[in-house]
Each structure stands twice: as structure tokens, then as C-alpha cells.
file data.cif (mmCIF, C-alpha atoms and all ligand atoms)
data_target
#
loop_
_atom_site.group_PDB
_atom_site.id
_atom_site.type_symbol
_atom_site.label_atom_id
_atom_site.label_comp_id
_atom_site.auth_asym_id
_atom_site.auth_seq_id
_atom_site.Cartn_x
_atom_site.Cartn_y
_atom_site.Cartn_z
ATOM 1 C CA MET A 28 41.984 26.748 48.281
ATOM 2 C CA THR A 29 40.371 27.329 51.582
ATOM 3 C CA LYS A 30 40.890 30.634 53.212
ATOM 4 C CA PRO A 31 41.142 30.644 56.950
ATOM 5 C CA PRO A 32 38.122 32.236 58.535
ATOM 6 C CA ARG A 33 38.604 35.774 59.539
ATOM 7 C CA PRO A 34 38.822 36.333 63.239
ATOM 8 C CA LEU A 35 35.460 37.632 64.215
ATOM 9 C CA ARG A 36 35.570 40.261 66.849
ATOM 10 C CA CYS A 37 32.929 41.975 68.826
ATOM 11 C CA PRO A 38 32.533 45.500 67.442
ATOM 12 C CA ILE A 39 31.899 46.755 70.927
ATOM 13 C CA CYS A 40 34.679 45.383 73.044
ATOM 14 C CA GLY A 41 36.868 43.753 70.430
ATOM 15 C CA LYS A 42 36.769 40.321 71.975
ATOM 16 C CA PRO A 43 36.437 37.249 69.786
ATOM 17 C CA ARG A 44 32.858 36.341 69.171
ATOM 18 C CA ALA A 45 30.963 33.403 67.809
ATOM 19 C CA PRO A 46 30.486 33.451 64.023
ATOM 20 C CA ALA A 47 26.752 33.116 64.427
ATOM 21 C CA GLN A 48 26.544 36.040 66.738
ATOM 22 C CA ARG A 49 27.267 39.620 66.082
ATOM 23 C CA PHE A 50 28.432 40.385 69.557
ATOM 24 C CA CYS A 51 30.319 38.421 72.165
ATOM 25 C CA SER A 52 27.554 38.755 74.678
ATOM 26 C CA ASP A 53 24.126 40.183 75.235
ATOM 27 C CA ARG A 54 25.723 42.985 77.122
ATOM 28 C CA CYS A 55 27.603 44.217 74.087
ATOM 29 C CA ALA A 56 24.483 43.803 71.987
ATOM 30 C CA THR A 57 22.656 46.030 74.422
ATOM 31 C CA ILE A 58 25.424 48.560 74.281
ATOM 32 C CA ASP A 59 25.293 48.564 70.515
ATOM 33 C CA LEU A 60 21.548 48.971 70.575
ATOM 34 C CA GLY A 61 21.913 51.857 72.954
ATOM 35 C CA ARG A 62 24.333 53.515 70.587
ATOM 36 C CA TRP A 63 21.879 53.162 67.767
ATOM 37 C CA LEU A 64 19.066 54.565 69.805
ATOM 38 C CA SER A 65 21.145 57.458 70.994
ATOM 39 C CA GLY A 66 22.067 58.253 67.430
ATOM 40 C CA ASP A 67 25.722 57.607 68.052
ATOM 41 C CA TYR A 68 26.038 55.885 64.726
ATOM 42 C CA ALA A 69 24.377 58.658 62.820
ATOM 43 C CA ILE A 70 26.582 60.426 60.390
ATOM 44 C CA PRO A 71 27.332 63.829 61.812
ATOM 45 C CA ALA A 72 26.162 66.495 59.460
ATOM 46 C CA GLU A 73 29.000 68.779 58.829
ATOM 47 C CA GLU A 74 27.649 72.208 58.308
ATOM 48 C CA GLU A 75 29.678 73.961 55.740
ATOM 49 C CA PRO A 76 29.697 77.639 56.444
ATOM 50 C CA GLU A 77 28.700 79.240 53.219
ATOM 51 C CA SER A 78 29.705 82.816 53.645
ATOM 52 C CA ASP A 79 29.813 83.470 49.976
ATOM 53 C CA GLU A 80 26.261 84.731 50.001
ATOM 54 C CA GLY A 81 26.106 88.150 48.515
ATOM 55 C CA VAL A 82 28.770 87.503 45.987
ATOM 56 C CA GLY A 83 26.691 87.514 42.870
ATOM 57 C CA GLY A 84 29.214 87.033 40.220
ATOM 58 C CA GLN A 85 27.790 89.679 37.958
ATOM 59 C CA ALA A 86 30.567 91.186 36.014
HETATM 60 ZN ZN ZN B 1 31.729 42.329 73.269
#

call {"tool": "encode", "arguments": {"input": "data.cif", "output": "C-alpha cells"}}
result
Amino acid sequence: MTKPPRPLRCPICGKPRAPAQRFCSDRCATIDLGRWLSGDYAIPAEEEPESDEGVGGQA
């Protein structure tokens, strides 16, 4: 059984792209690179407010 190839889309603009390329054009590749450099893809560190300091737990 041969599965039909998944429609490859440019992650930047969503247009169909060539299977051998990650983006539809150099422009989108540049945009993606810019996002990487600007840290847009970095996982935002969610600071959990720990306000339980002081509560020892000594009974
Ligand atoms: Zn694109």
C-alpha cells in the first residue's frame, strides 16, 4: 500500500513547498532564520510564583 504523500506546506506562510525544501522560498527561509535569531522559537519560561516560602511545615 502506498500512502499519498503528505501535502508539504511552508511553516512560514503555509503555501505548498517542494519536498526537498523546507520553505517555499528563500524569503520564508530568511524569515524563519530571523525568528530563530530573535529567540521567537525559544520556549518561554513560565515563572511560577512560589509564594509558599516561609511555610515550613513544622508541626
Ligand atoms: Zn513560505

call {"tool": "resolve_selection", "arguments": {"input": "data.cif", "expression": "the PyMOL selection byres (((not hetatm)) within 6 of (chain B and resi 1))", "output": "PyMOL selection string"}}
result
chain A and resi 37+39-40+42+50-52+55

call {"tool": "atom_distance", "arguments": {"input": "data.cif", "atom1": "CA of Ala47 in chain A", "atom2": "CA of Pro34 in chain A"}}
result
12.5 Å

call {"tool": "residues_around", "arguments": {"input": "data.cif", "residues": "Gln48 in chain A", "least_positions_apart": "4", "cutoff": "10 Å", "atoms": "all atoms listed in the file", "output": "MDAnalysis selection string"}}
result
chainID A and resid 35:37 44 52:53 56

call {"tool": "atom_distance", "arguments": {"input": "data.cif", "atom1": "CA of Arg33 in chain A", "atom2": "CA of Asp59 in chain A"}}
result
21.5 Å

call {"tool": "axis_aligned_box", "arguments": {"input": "data.cif", "around": "range 55-63 of chain A", "padding_each_side": "8 Å", "output": "AutoDock Vina command-line options"}}
result
--center_x 24.6 --center_y 48.7 --center_z 71.1 --size_x 22.1 --size_y 25.7 --size_z 22.7

call {"tool": "atom_distance", "arguments": {"input": "data.cif", "atom1": "CA of Ile58 in chain A", "atom2": "CA of Gly41 in chain A"}}
result
13.0 Å
